[in-house]
>>> print(open('data30.txt').read())   # compact mmCIF, N, CA and C atoms
# COMPACT_ATOMS: atom_id res chain seq x y z
N SER A 1 -21.03 5.72 -11.37
CA SER A 1 -20.28 5.55 -10.13
C SER A 1 -19.94 6.91 -9.55
N ARG A 2 -19.76 6.94 -8.24
CA ARG A 2 -19.43 8.20 -7.58
C ARG A 2 -17.98 8.58 -7.84
N SER A 3 -17.75 9.88 -7.90
CA SER A 3 -16.39 10.38 -8.11
C SER A 3 -15.65 10.36 -6.77
N ILE A 4 -14.37 10.03 -6.81
CA ILE A 4 -13.56 10.03 -5.60
C ILE A 4 -12.93 11.40 -5.45
N LYS A 5 -13.03 11.99 -4.25
CA LYS A 5 -12.53 13.33 -4.00
C LYS A 5 -11.01 13.34 -3.99
N ALA A 6 -10.41 14.51 -4.27
CA ALA A 6 -8.96 14.66 -4.40
C ALA A 6 -8.16 14.13 -3.21
N PRO A 7 -8.49 14.46 -1.95
CA PRO A 7 -7.70 13.93 -0.84
C PRO A 7 -7.71 12.40 -0.78
N THR A 8 -8.86 11.81 -1.08
CA THR A 8 -8.96 10.36 -1.08
C THR A 8 -8.11 9.78 -2.20
N MET A 9 -8.09 10.44 -3.36
CA MET A 9 -7.30 9.96 -4.47
C MET A 9 -5.81 9.98 -4.13
N ALA A 10 -5.36 10.99 -3.40
CA ALA A 10 -3.94 11.05 -3.02
C ALA A 10 -3.57 9.85 -2.17
N LEU A 11 -4.43 9.50 -1.23
CA LEU A 11 -4.19 8.33 -0.40
C LEU A 11 -4.23 7.06 -1.24
N LEU A 12 -5.14 7.00 -2.19
CA LEU A 12 -5.24 5.82 -3.04
C LEU A 12 -4.02 5.66 -3.94
N ARG A 13 -3.40 6.77 -4.32
CA ARG A 13 -2.18 6.68 -5.13
C ARG A 13 -1.11 5.91 -4.37
N VAL A 14 -1.01 6.17 -3.06
CA VAL A 14 -0.06 5.44 -2.22
C VAL A 14 -0.41 3.95 -2.22
N LEU A 15 -1.70 3.64 -2.10
CA LEU A 15 -2.15 2.25 -2.10
C LEU A 15 -1.83 1.57 -3.43
N VAL A 16 -2.08 2.27 -4.54
CA VAL A 16 -1.80 1.69 -5.85
C VAL A 16 -0.32 1.38 -5.99
N THR A 17 0.51 2.35 -5.64
CA THR A 17 1.95 2.14 -5.75
C THR A 17 2.38 0.94 -4.90
N PHE A 18 1.90 0.88 -3.68
CA PHE A 18 2.24 -0.21 -2.78
C PHE A 18 1.80 -1.55 -3.34
N CYS A 19 0.58 -1.62 -3.84
CA CYS A 19 0.05 -2.89 -4.34
C CYS A 19 0.72 -3.33 -5.63
N LEU A 20 0.99 -2.40 -6.54
CA LEU A 20 1.51 -2.79 -7.83
C LEU A 20 3.01 -3.05 -7.82
N VAL A 21 3.71 -2.54 -6.84
CA VAL A 21 5.12 -2.85 -6.73
C VAL A 21 5.27 -4.30 -6.29
N GLY A 22 4.34 -4.78 -5.51
CA GLY A 22 4.37 -6.17 -5.03
C GLY A 22 4.48 -6.19 -3.52
N ARG A 23 3.94 -7.21 -2.92
CA ARG A 23 4.01 -7.35 -1.48
C ARG A 23 4.56 -8.72 -1.16
N ALA A 24 5.18 -8.81 -0.02
CA ALA A 24 5.75 -10.10 0.39
C ALA A 24 4.64 -11.00 0.90
N ALA A 25 4.54 -12.16 0.32
CA ALA A 25 3.57 -13.15 0.77
C ALA A 25 4.14 -13.87 1.98
N ALA A 26 3.32 -14.67 2.61
CA ALA A 26 3.73 -15.38 3.82
C ALA A 26 5.02 -16.16 3.61
N GLY A 27 5.22 -16.72 2.45
CA GLY A 27 6.41 -17.50 2.16
C GLY A 27 7.62 -16.65 1.81
N GLY A 28 7.52 -15.34 1.90
CA GLY A 28 8.62 -14.46 1.59
C GLY A 28 8.80 -14.20 0.11
N GLN A 29 7.86 -14.60 -0.69
CA GLN A 29 7.94 -14.43 -2.13
C GLN A 29 7.25 -13.14 -2.54
N LEU A 30 7.89 -12.34 -3.39
CA LEU A 30 7.31 -11.10 -3.86
C LEU A 30 6.22 -11.41 -4.89
N VAL A 31 5.10 -10.72 -4.77
CA VAL A 31 3.96 -11.00 -5.65
C VAL A 31 3.55 -9.71 -6.36
N ASN A 32 3.40 -9.79 -7.66
CA ASN A 32 2.87 -8.68 -8.45
C ASN A 32 1.77 -9.27 -9.33
N PRO A 33 0.51 -9.05 -8.98
CA PRO A 33 -0.58 -9.65 -9.75
C PRO A 33 -0.59 -9.22 -11.22
N CYS A 34 0.01 -8.10 -11.54
CA CYS A 34 0.01 -7.62 -12.92
C CYS A 34 0.90 -8.45 -13.83
N ARG A 35 1.67 -9.34 -13.26
CA ARG A 35 2.50 -10.24 -14.06
C ARG A 35 1.80 -11.57 -14.30
N ASP A 36 0.59 -11.68 -13.82
CA ASP A 36 -0.20 -12.90 -13.96
C ASP A 36 -1.26 -12.66 -15.04
N ASP A 37 -1.43 -13.62 -15.94
CA ASP A 37 -2.39 -13.46 -17.03
C ASP A 37 -3.80 -13.14 -16.56
N GLN A 38 -4.17 -13.65 -15.38
CA GLN A 38 -5.52 -13.41 -14.86
C GLN A 38 -5.76 -11.92 -14.58
N TRP A 39 -4.72 -11.19 -14.22
CA TRP A 39 -4.86 -9.79 -13.80
C TRP A 39 -4.26 -8.80 -14.78
N SER A 40 -3.31 -9.20 -15.59
CA SER A 40 -2.53 -8.27 -16.40
C SER A 40 -3.34 -7.41 -17.37
N GLY A 41 -4.50 -7.87 -17.79
CA GLY A 41 -5.32 -7.10 -18.73
C GLY A 41 -6.25 -6.10 -18.07
N LEU A 42 -6.23 -6.04 -16.75
CA LEU A 42 -7.14 -5.12 -16.05
C LEU A 42 -6.59 -3.69 -16.05
N PRO A 43 -7.48 -2.70 -15.96
CA PRO A 43 -7.03 -1.31 -15.93
C PRO A 43 -6.00 -1.02 -14.83
N MET A 44 -6.12 -1.68 -13.68
CA MET A 44 -5.18 -1.41 -12.58
C MET A 44 -3.74 -1.75 -12.97
N CYS A 45 -3.57 -2.60 -13.99
CA CYS A 45 -2.23 -3.02 -14.43
C CYS A 45 -1.76 -2.28 -15.68
N ASP A 46 -2.57 -1.40 -16.21
CA ASP A 46 -2.25 -0.69 -17.45
C ASP A 46 -1.44 0.57 -17.14
N ALA A 47 -0.14 0.49 -17.33
CA ALA A 47 0.76 1.60 -17.00
C ALA A 47 0.54 2.83 -17.87
N THR A 48 -0.23 2.71 -18.96
CA THR A 48 -0.51 3.88 -19.79
C THR A 48 -1.63 4.73 -19.21
N LEU A 49 -2.37 4.17 -18.25
CA LEU A 49 -3.45 4.93 -17.60
C LEU A 49 -2.87 5.77 -16.47
N SER A 50 -3.61 6.80 -16.09
CA SER A 50 -3.18 7.64 -14.96
C SER A 50 -3.28 6.84 -13.66
N ILE A 51 -2.54 7.28 -12.67
CA ILE A 51 -2.62 6.65 -11.36
C ILE A 51 -4.06 6.76 -10.83
N ASP A 52 -4.71 7.91 -11.08
CA ASP A 52 -6.09 8.08 -10.63
C ASP A 52 -7.01 7.02 -11.22
N ALA A 53 -6.86 6.76 -12.52
CA ALA A 53 -7.71 5.75 -13.17
C ALA A 53 -7.42 4.36 -12.62
N ARG A 54 -6.15 4.09 -12.37
CA ARG A 54 -5.77 2.78 -11.83
C ARG A 54 -6.29 2.61 -10.40
N ALA A 55 -6.19 3.67 -9.61
CA ALA A 55 -6.68 3.62 -8.23
C ALA A 55 -8.20 3.42 -8.22
N GLN A 56 -8.89 4.15 -9.07
CA GLN A 56 -10.34 4.02 -9.17
C GLN A 56 -10.72 2.58 -9.50
N ASP A 57 -9.99 1.96 -10.43
CA ASP A 57 -10.27 0.58 -10.80
C ASP A 57 -10.04 -0.36 -9.62
N MET A 58 -8.93 -0.18 -8.92
CA MET A 58 -8.63 -1.06 -7.78
C MET A 58 -9.70 -0.95 -6.70
N VAL A 59 -10.03 0.27 -6.35
CA VAL A 59 -11.02 0.49 -5.29
C VAL A 59 -12.38 -0.08 -5.69
N SER A 60 -12.72 0.04 -6.96
CA SER A 60 -14.02 -0.47 -7.41
C SER A 60 -14.08 -2.00 -7.32
N ARG A 61 -12.95 -2.66 -7.34
CA ARG A 61 -12.91 -4.12 -7.26
C ARG A 61 -12.92 -4.64 -5.82
N MET A 62 -12.54 -3.80 -4.88
CA MET A 62 -12.43 -4.22 -3.48
C MET A 62 -13.77 -4.13 -2.76
N ASN A 63 -14.04 -5.12 -1.90
CA ASN A 63 -15.24 -5.00 -1.06
C ASN A 63 -14.89 -4.21 0.20
N VAL A 64 -15.87 -3.84 0.98
CA VAL A 64 -15.65 -3.00 2.16
C VAL A 64 -14.68 -3.65 3.14
N SER A 65 -14.82 -4.94 3.35
CA SER A 65 -13.93 -5.65 4.27
C SER A 65 -12.48 -5.57 3.81
N GLU A 66 -12.23 -5.72 2.50
CA GLU A 66 -10.87 -5.62 1.97
C GLU A 66 -10.31 -4.21 2.13
N LYS A 67 -11.14 -3.21 1.93
CA LYS A 67 -10.68 -1.82 2.08
C LYS A 67 -10.25 -1.54 3.51
N ILE A 68 -11.04 -1.99 4.45
CA ILE A 68 -10.71 -1.78 5.87
C ILE A 68 -9.45 -2.56 6.23
N SER A 69 -9.37 -3.79 5.79
CA SER A 69 -8.22 -4.63 6.09
C SER A 69 -6.93 -4.07 5.48
N ALA A 70 -7.03 -3.41 4.34
CA ALA A 70 -5.85 -2.87 3.66
C ALA A 70 -5.19 -1.73 4.44
N LEU A 71 -5.87 -1.19 5.44
CA LEU A 71 -5.31 -0.12 6.25
C LEU A 71 -4.41 -0.65 7.35
N ASP A 72 -4.33 -1.95 7.53
CA ASP A 72 -3.55 -2.56 8.59
C ASP A 72 -2.24 -3.12 8.03
N THR A 73 -1.29 -3.40 8.92
CA THR A 73 -0.01 -3.98 8.49
C THR A 73 -0.07 -5.49 8.41
N ASN A 74 -1.16 -6.08 8.85
CA ASN A 74 -1.32 -7.53 8.80
C ASN A 74 -2.64 -7.83 8.11
N GLN A 75 -2.56 -8.48 6.98
CA GLN A 75 -3.77 -8.81 6.23
C GLN A 75 -3.76 -10.32 5.99
N PRO A 76 -4.25 -11.09 6.97
CA PRO A 76 -4.16 -12.55 6.89
C PRO A 76 -4.92 -13.17 5.71
N ASP A 77 -5.92 -12.49 5.19
CA ASP A 77 -6.70 -13.03 4.08
C ASP A 77 -6.27 -12.46 2.73
N GLY A 78 -5.31 -11.53 2.73
CA GLY A 78 -4.90 -10.90 1.49
C GLY A 78 -6.00 -10.02 0.92
N THR A 79 -5.89 -9.72 -0.35
CA THR A 79 -6.92 -8.96 -1.07
C THR A 79 -7.23 -9.75 -2.33
N PRO A 80 -8.10 -10.76 -2.20
CA PRO A 80 -8.38 -11.64 -3.34
C PRO A 80 -8.88 -10.90 -4.58
N SER A 81 -9.63 -9.84 -4.39
CA SER A 81 -10.17 -9.12 -5.55
C SER A 81 -9.09 -8.42 -6.36
N LEU A 82 -7.88 -8.28 -5.80
CA LEU A 82 -6.76 -7.66 -6.51
C LEU A 82 -5.63 -8.66 -6.77
N GLY A 83 -5.85 -9.92 -6.41
CA GLY A 83 -4.85 -10.95 -6.65
C GLY A 83 -3.69 -10.91 -5.68
N LEU A 84 -3.89 -10.28 -4.52
CA LEU A 84 -2.81 -10.15 -3.54
C LEU A 84 -2.98 -11.15 -2.41
N PRO A 85 -1.91 -11.91 -2.09
CA PRO A 85 -1.98 -12.92 -1.04
C PRO A 85 -1.93 -12.30 0.36
N ALA A 86 -2.08 -13.14 1.35
CA ALA A 86 -1.95 -12.71 2.75
C ALA A 86 -0.56 -12.10 2.95
N TYR A 87 -0.48 -11.12 3.85
CA TYR A 87 0.82 -10.54 4.14
C TYR A 87 0.85 -9.98 5.55
N ASP A 88 2.04 -9.82 6.06
CA ASP A 88 2.30 -9.20 7.35
C ASP A 88 3.60 -8.42 7.15
N TRP A 89 3.48 -7.18 6.71
CA TRP A 89 4.65 -6.41 6.30
C TRP A 89 5.17 -5.50 7.39
N TRP A 90 5.06 -5.90 8.58
CA TRP A 90 5.40 -5.12 9.76
C TRP A 90 6.63 -4.23 9.60
N SER A 91 7.43 -4.44 8.64
CA SER A 91 8.66 -3.65 8.51
C SER A 91 8.45 -2.36 7.74
N GLU A 92 7.35 -1.65 8.02
CA GLU A 92 7.12 -0.38 7.33
C GLU A 92 8.04 0.70 7.88
N ALA A 93 8.82 0.35 8.87
CA ALA A 93 9.92 1.16 9.39
C ALA A 93 9.51 2.38 10.20
N SER A 94 8.26 2.50 10.60
CA SER A 94 7.90 3.65 11.43
C SER A 94 8.51 3.53 12.82
N SER A 95 8.96 2.34 13.20
CA SER A 95 9.66 2.12 14.47
C SER A 95 11.04 1.55 14.20
N GLY A 96 11.69 2.02 13.17
CA GLY A 96 12.96 1.46 12.76
C GLY A 96 12.71 0.28 11.84
N VAL A 97 13.75 -0.28 11.30
CA VAL A 97 13.60 -1.41 10.39
C VAL A 97 13.42 -2.67 11.22
N ALA A 98 12.26 -3.28 11.09
CA ALA A 98 11.91 -4.43 11.92
C ALA A 98 12.59 -5.70 11.44
N THR A 99 12.74 -6.61 12.37
CA THR A 99 13.29 -7.91 12.07
C THR A 99 12.15 -8.92 12.03
N ASP A 100 12.48 -10.18 11.85
CA ASP A 100 11.44 -11.21 11.84
C ASP A 100 10.62 -11.22 13.12
N GLY A 101 11.22 -10.79 14.22
CA GLY A 101 10.51 -10.75 15.49
C GLY A 101 9.72 -9.47 15.68
N HIS A 102 9.60 -8.68 14.64
CA HIS A 102 8.88 -7.40 14.66
C HIS A 102 9.46 -6.40 15.63
N GLY A 103 10.72 -6.51 15.93
CA GLY A 103 11.37 -5.54 16.80
C GLY A 103 12.51 -4.88 16.05
N ALA A 104 12.82 -3.67 16.40
CA ALA A 104 13.93 -2.98 15.76
C ALA A 104 15.10 -2.98 16.74
N ALA A 105 16.24 -3.46 16.28
CA ALA A 105 17.42 -3.52 17.13
C ALA A 105 18.09 -2.15 17.18
N GLY A 106 18.66 -1.81 18.31
CA GLY A 106 19.41 -0.56 18.44
C GLY A 106 18.53 0.66 18.57
N GLU A 107 19.15 1.82 18.43
CA GLU A 107 18.42 3.07 18.56
C GLU A 107 17.82 3.46 17.21
N HIS A 108 16.63 4.02 17.27
CA HIS A 108 15.96 4.44 16.05
C HIS A 108 14.94 5.52 16.36
N THR A 109 14.56 6.23 15.33
CA THR A 109 13.56 7.28 15.46
C THR A 109 12.17 6.67 15.30
N LYS A 110 11.23 7.16 16.07
CA LYS A 110 9.84 6.71 15.95
C LYS A 110 9.10 7.69 15.04
N PHE A 111 8.63 7.19 13.90
CA PHE A 111 7.89 8.02 12.96
C PHE A 111 6.40 7.73 13.06
N ALA A 112 5.60 8.61 12.50
CA ALA A 112 4.16 8.38 12.45
C ALA A 112 3.88 7.15 11.59
N TYR A 113 2.74 6.52 11.82
CA TYR A 113 2.36 5.36 11.00
C TYR A 113 2.23 5.78 9.55
N PRO A 114 2.54 4.89 8.61
CA PRO A 114 2.48 5.24 7.19
C PRO A 114 1.13 5.80 6.75
N ILE A 115 0.05 5.27 7.29
CA ILE A 115 -1.27 5.75 6.87
C ILE A 115 -1.48 7.21 7.30
N THR A 116 -1.00 7.57 8.49
CA THR A 116 -1.17 8.95 8.93
C THR A 116 -0.20 9.88 8.21
N THR A 117 0.99 9.39 7.90
CA THR A 117 1.93 10.19 7.11
C THR A 117 1.34 10.46 5.73
N ALA A 118 0.76 9.44 5.12
CA ALA A 118 0.14 9.60 3.80
C ALA A 118 -1.00 10.61 3.85
N MET A 119 -1.78 10.56 4.93
CA MET A 119 -2.93 11.46 5.03
C MET A 119 -2.52 12.91 5.27
N SER A 120 -1.24 13.17 5.51
CA SER A 120 -0.78 14.56 5.64
C SER A 120 -0.73 15.25 4.27
N PHE A 121 -0.71 14.44 3.19
CA PHE A 121 -0.61 14.96 1.83
C PHE A 121 0.59 15.88 1.67
N ASN A 122 1.64 15.59 2.42
CA ASN A 122 2.84 16.42 2.43
C ASN A 122 4.00 15.60 1.85
N ARG A 123 4.25 15.78 0.57
CA ARG A 123 5.28 14.98 -0.11
C ARG A 123 6.67 15.24 0.46
N THR A 124 6.92 16.46 0.92
CA THR A 124 8.21 16.77 1.53
C THR A 124 8.40 15.93 2.78
N LEU A 125 7.35 15.79 3.57
CA LEU A 125 7.41 14.96 4.78
C LEU A 125 7.64 13.50 4.40
N TRP A 126 6.96 13.02 3.37
CA TRP A 126 7.14 11.62 2.93
C TRP A 126 8.60 11.37 2.58
N LYS A 127 9.18 12.27 1.81
CA LYS A 127 10.57 12.10 1.37
C LYS A 127 11.54 12.20 2.54
N ALA A 128 11.30 13.16 3.44
CA ALA A 128 12.18 13.33 4.60
C ALA A 128 12.12 12.11 5.51
N THR A 129 10.92 11.57 5.71
CA THR A 129 10.76 10.37 6.53
C THR A 129 11.49 9.19 5.89
N GLY A 130 11.30 8.99 4.60
CA GLY A 130 11.97 7.90 3.89
C GLY A 130 13.49 8.04 3.93
N ALA A 131 13.99 9.26 3.79
CA ALA A 131 15.42 9.48 3.83
C ALA A 131 15.99 9.16 5.22
N ALA A 132 15.28 9.57 6.27
CA ALA A 132 15.74 9.28 7.63
C ALA A 132 15.74 7.78 7.90
N ILE A 133 14.69 7.10 7.47
CA ILE A 133 14.63 5.64 7.64
C ILE A 133 15.78 4.98 6.89
N GLY A 134 16.05 5.46 5.68
CA GLY A 134 17.14 4.90 4.89
C GLY A 134 18.49 5.09 5.56
N ARG A 135 18.72 6.25 6.17
CA ARG A 135 19.98 6.49 6.87
C ARG A 135 20.12 5.59 8.08
N GLU A 136 19.01 5.39 8.81
CA GLU A 136 19.06 4.56 10.01
C GLU A 136 19.25 3.10 9.66
>>> encode(input="data30.txt", output="structure tokens")
Amino acid sequence: SRSIKAPTMALLRVLVTFCLVGRAAAGGQLVNPCRDDQWSGLPMCDATLSIDARAQDMVSRMNVSEKISALDTNQPDGTPSLGLPAYDWWSEASSGVATDGHGAAGEHTKFAYPITTAMSFNRTLWKATGAAIGRE
């Protein structure tokens, strides 16, 4: 298999963290495929492995359509190859903390989209953005 280059791996680390923490399914239920017997034995769920190894495993399981879809905030089909259900997580807070209507009430700062923030590979920026969102 081809080796994944360092900048791509940094972005994949964000994806791994996001996926393994769990995502809200359409019914509002938090889902972590690593707690399911079907997925728990896979390398992506093995916390003793490096994040790079886990990311490599996840990406190798995804088809091209799933990879492209994972870059959006709305994934109506989920990521079946990773055991993740459909989701619409619009509250990534780049436009304030969103409500069910996908709008942010009151005044808020407009931040870059999470994917572009991640691609900056600037951890200080990630932390500063998260801290500002948390204060707001």
>>> atom_distance(input="data30.txt", atom1="atom CA of A:Ile133", atom2="atom CA of A:Ser94")
8.0 Å
>>> closest_residue(input="data30.txt", among="A:Pro43, A:Pro33, A:Pro114, A:Gly130", to="A:Gly83", atoms="all atoms listed in the file")
A:Pro33
>>> residues_around(input="data30.txt", residues="A:Glu66", least_positions_apart="3", cutoff="8 Å", atoms="all atoms listed in the file", output="list in words")
Met62, Asn63, Ser69, Ala70, Leu71, Gly78, Thr79, Pro80 and Ser81 of chain A
>>> residues_around(input="data30.txt", residues="A:Ala53", least_positions_apart="5", cutoff="8 Å", atoms="all atoms listed in the file", output="JSON list (two decimals) with N, CA and C atoms, keeping the file's coordinate frame")
[["chain", "number", "residue", "atom", "x", "y", "z"],
["A", 43, "PRO", "N", -7.48, -2.70, -15.96],
["A", 43, "PRO", "CA", -7.03, -1.31, -15.93],
["A", 43, "PRO", "C", -6.00, -1.02, -14.83],
["A", 44, "MET", "N", -6.12, -1.68, -13.68],
["A", 44, "MET", "CA", -5.18, -1.41, -12.58],
["A", 44, "MET", "C", -3.74, -1.75, -12.97],
["A", 58, "MET", "N", -8.93, -0.18, -8.92],
["A", 58, "MET", "CA", -8.63, -1.06, -7.78],
["A", 58, "MET", "C", -9.70, -0.95, -6.70],
["A", 59, "VAL", "N", -10.03, 0.27, -6.35],
["A", 59, "VAL", "CA", -11.02, 0.49, -5.29],
["A", 59, "VAL", "C", -12.38, -0.08, -5.69]]
>>> decode(input="data30.txt", residues="stretch 58-68 of chain A", atoms="all heavy atoms", output="PDB file, in the first residue's frame")
ATOM      1  N   MET A  58      -8.335   3.327   9.097  1.00  0.00           N
ATOM      2  CA  MET A  58      -9.644   3.910   8.761  1.00  0.00           C
ATOM      3  C   MET A  58      -9.721   4.287   7.285  1.00  0.00           C
ATOM      4  O   MET A  58     -10.683   3.961   6.597  1.00  0.00           O
ATOM      5  CB  MET A  58      -9.913   5.150   9.617  1.00  0.00           C
ATOM      6  CG  MET A  58     -10.176   4.830  11.068  1.00  0.00           C
ATOM      7  SD  MET A  58     -10.407   6.308  12.056  1.00  0.00           S
ATOM      8  CE  MET A  58     -12.026   6.811  11.496  1.00  0.00           C
ATOM      9  N   VAL A  59      -8.709   4.976   6.824  1.00  0.00           N
ATOM     10  CA  VAL A  59      -8.714   5.436   5.431  1.00  0.00           C
ATOM     11  C   VAL A  59      -8.715   4.246   4.475  1.00  0.00           C
ATOM     12  O   VAL A  59      -9.389   4.266   3.448  1.00  0.00           O
ATOM     13  CB  VAL A  59      -7.516   6.371   5.160  1.00  0.00           C
ATOM     14  CG1 VAL A  59      -7.374   6.687   3.686  1.00  0.00           C
ATOM     15  CG2 VAL A  59      -7.687   7.658   5.956  1.00  0.00           C
ATOM     16  N   SER A  60      -8.003   3.193   4.836  1.00  0.00           N
ATOM     17  CA  SER A  60      -7.950   2.017   3.955  1.00  0.00           C
ATOM     18  C   SER A  60      -9.313   1.330   3.851  1.00  0.00           C
ATOM     19  O   SER A  60      -9.588   0.644   2.875  1.00  0.00           O
ATOM     20  CB  SER A  60      -6.893   1.021   4.441  1.00  0.00           C
ATOM     21  OG  SER A  60      -7.323   0.367   5.619  1.00  0.00           O
ATOM     22  N   ARG A  61     -10.162   1.515   4.832  1.00  0.00           N
ATOM     23  CA  ARG A  61     -11.491   0.901   4.824  1.00  0.00           C
ATOM     24  C   ARG A  61     -12.533   1.729   4.072  1.00  0.00           C
ATOM     25  O   ARG A  61     -13.576   1.233   3.688  1.00  0.00           O
ATOM     26  CB  ARG A  61     -11.974   0.681   6.268  1.00  0.00           C
ATOM     27  CG  ARG A  61     -11.140  -0.331   6.992  1.00  0.00           C
ATOM     28  CD  ARG A  61     -11.550  -0.463   8.457  1.00  0.00           C
ATOM     29  NE  ARG A  61     -10.591  -1.299   9.146  1.00  0.00           N
ATOM     30  CZ  ARG A  61     -10.521  -2.615   9.012  1.00  0.00           C
ATOM     31  NH1 ARG A  61     -11.377  -3.247   8.243  1.00  0.00           N
ATOM     32  NH2 ARG A  61      -9.598  -3.309   9.648  1.00  0.00           N
ATOM     33  N   MET A  62     -12.273   3.017   3.909  1.00  0.00           N
ATOM     34  CA  MET A  62     -13.244   3.918   3.280  1.00  0.00           C
ATOM     35  C   MET A  62     -13.117   3.894   1.763  1.00  0.00           C
ATOM     36  O   MET A  62     -12.008   3.858   1.232  1.00  0.00           O
ATOM     37  CB  MET A  62     -13.026   5.354   3.776  1.00  0.00           C
ATOM     38  CG  MET A  62     -13.258   5.533   5.255  1.00  0.00           C
ATOM     39  SD  MET A  62     -12.717   7.154   5.854  1.00  0.00           S
ATOM     40  CE  MET A  62     -14.014   8.199   5.198  1.00  0.00           C
ATOM     41  N   ASN A  63     -14.274   3.955   1.083  1.00  0.00           N
ATOM     42  CA  ASN A  63     -14.221   4.093  -0.375  1.00  0.00           C
ATOM     43  C   ASN A  63     -14.120   5.584  -0.718  1.00  0.00           C
ATOM     44  O   ASN A  63     -14.250   6.448   0.156  1.00  0.00           O
ATOM     45  CB  ASN A  63     -15.429   3.414  -1.045  1.00  0.00           C
ATOM     46  CG  ASN A  63     -16.741   4.033  -0.663  1.00  0.00           C
ATOM     47  OD1 ASN A  63     -16.892   5.253  -0.611  1.00  0.00           O
ATOM     48  ND2 ASN A  63     -17.736   3.201  -0.394  1.00  0.00           N
ATOM     49  N   VAL A  64     -13.871   5.901  -1.965  1.00  0.00           N
ATOM     50  CA  VAL A  64     -13.666   7.286  -2.386  1.00  0.00           C
ATOM     51  C   VAL A  64     -14.880   8.156  -2.057  1.00  0.00           C
ATOM     52  O   VAL A  64     -14.744   9.276  -1.558  1.00  0.00           O
ATOM     53  CB  VAL A  64     -13.335   7.367  -3.900  1.00  0.00           C
ATOM     54  CG1 VAL A  64     -13.290   8.808  -4.371  1.00  0.00           C
ATOM     55  CG2 VAL A  64     -12.005   6.684  -4.177  1.00  0.00           C
ATOM     56  N   SER A  65     -16.063   7.643  -2.292  1.00  0.00           N
ATOM     57  CA  SER A  65     -17.285   8.390  -2.004  1.00  0.00           C
ATOM     58  C   SER A  65     -17.384   8.743  -0.517  1.00  0.00           C
ATOM     59  O   SER A  65     -17.755   9.863  -0.156  1.00  0.00           O
ATOM     60  CB  SER A  65     -18.493   7.572  -2.441  1.00  0.00           C
ATOM     61  OG  SER A  65     -19.683   8.228  -2.092  1.00  0.00           O
ATOM     62  N   GLU A  66     -17.042   7.804   0.363  1.00  0.00           N
ATOM     63  CA  GLU A  66     -17.078   8.065   1.802  1.00  0.00           C
ATOM     64  C   GLU A  66     -16.042   9.111   2.205  1.00  0.00           C
ATOM     65  O   GLU A  66     -16.310   9.964   3.057  1.00  0.00           O
ATOM     66  CB  GLU A  66     -16.820   6.778   2.579  1.00  0.00           C
ATOM     67  CG  GLU A  66     -17.960   5.794   2.543  1.00  0.00           C
ATOM     68  CD  GLU A  66     -17.621   4.478   3.207  1.00  0.00           C
ATOM     69  OE1 GLU A  66     -16.446   4.038   3.161  1.00  0.00           O
ATOM     70  OE2 GLU A  66     -18.544   3.873   3.770  1.00  0.00           O
ATOM     71  N   LYS A  67     -14.873   9.067   1.600  1.00  0.00           N
ATOM     72  CA  LYS A  67     -13.826  10.040   1.922  1.00  0.00           C
ATOM     73  C   LYS A  67     -14.268  11.445   1.550  1.00  0.00           C
ATOM     74  O   LYS A  67     -14.082  12.385   2.320  1.00  0.00           O
ATOM     75  CB  LYS A  67     -12.528   9.676   1.202  1.00  0.00           C
ATOM     76  CG  LYS A  67     -11.878   8.421   1.729  1.00  0.00           C
ATOM     77  CD  LYS A  67     -10.700   8.006   0.876  1.00  0.00           C
ATOM     78  CE  LYS A  67     -10.162   6.658   1.316  1.00  0.00           C
ATOM     79  NZ  LYS A  67      -9.099   6.177   0.443  1.00  0.00           N
ATOM     80  N   ILE A  68     -14.852  11.587   0.381  1.00  0.00           N
ATOM     81  CA  ILE A  68     -15.326  12.901  -0.067  1.00  0.00           C
ATOM     82  C   ILE A  68     -16.463  13.375   0.831  1.00  0.00           C
ATOM     83  O   ILE A  68     -16.490  14.524   1.278  1.00  0.00           O
ATOM     84  CB  ILE A  68     -15.750  12.854  -1.544  1.00  0.00           C
ATOM     85  CG1 ILE A  68     -14.522  12.625  -2.423  1.00  0.00           C
ATOM     86  CG2 ILE A  68     -16.485  14.134  -1.940  1.00  0.00           C
ATOM     87  CD1 ILE A  68     -14.829  12.293  -3.863  1.00  0.00           C
TER      88      ILE A  68
END
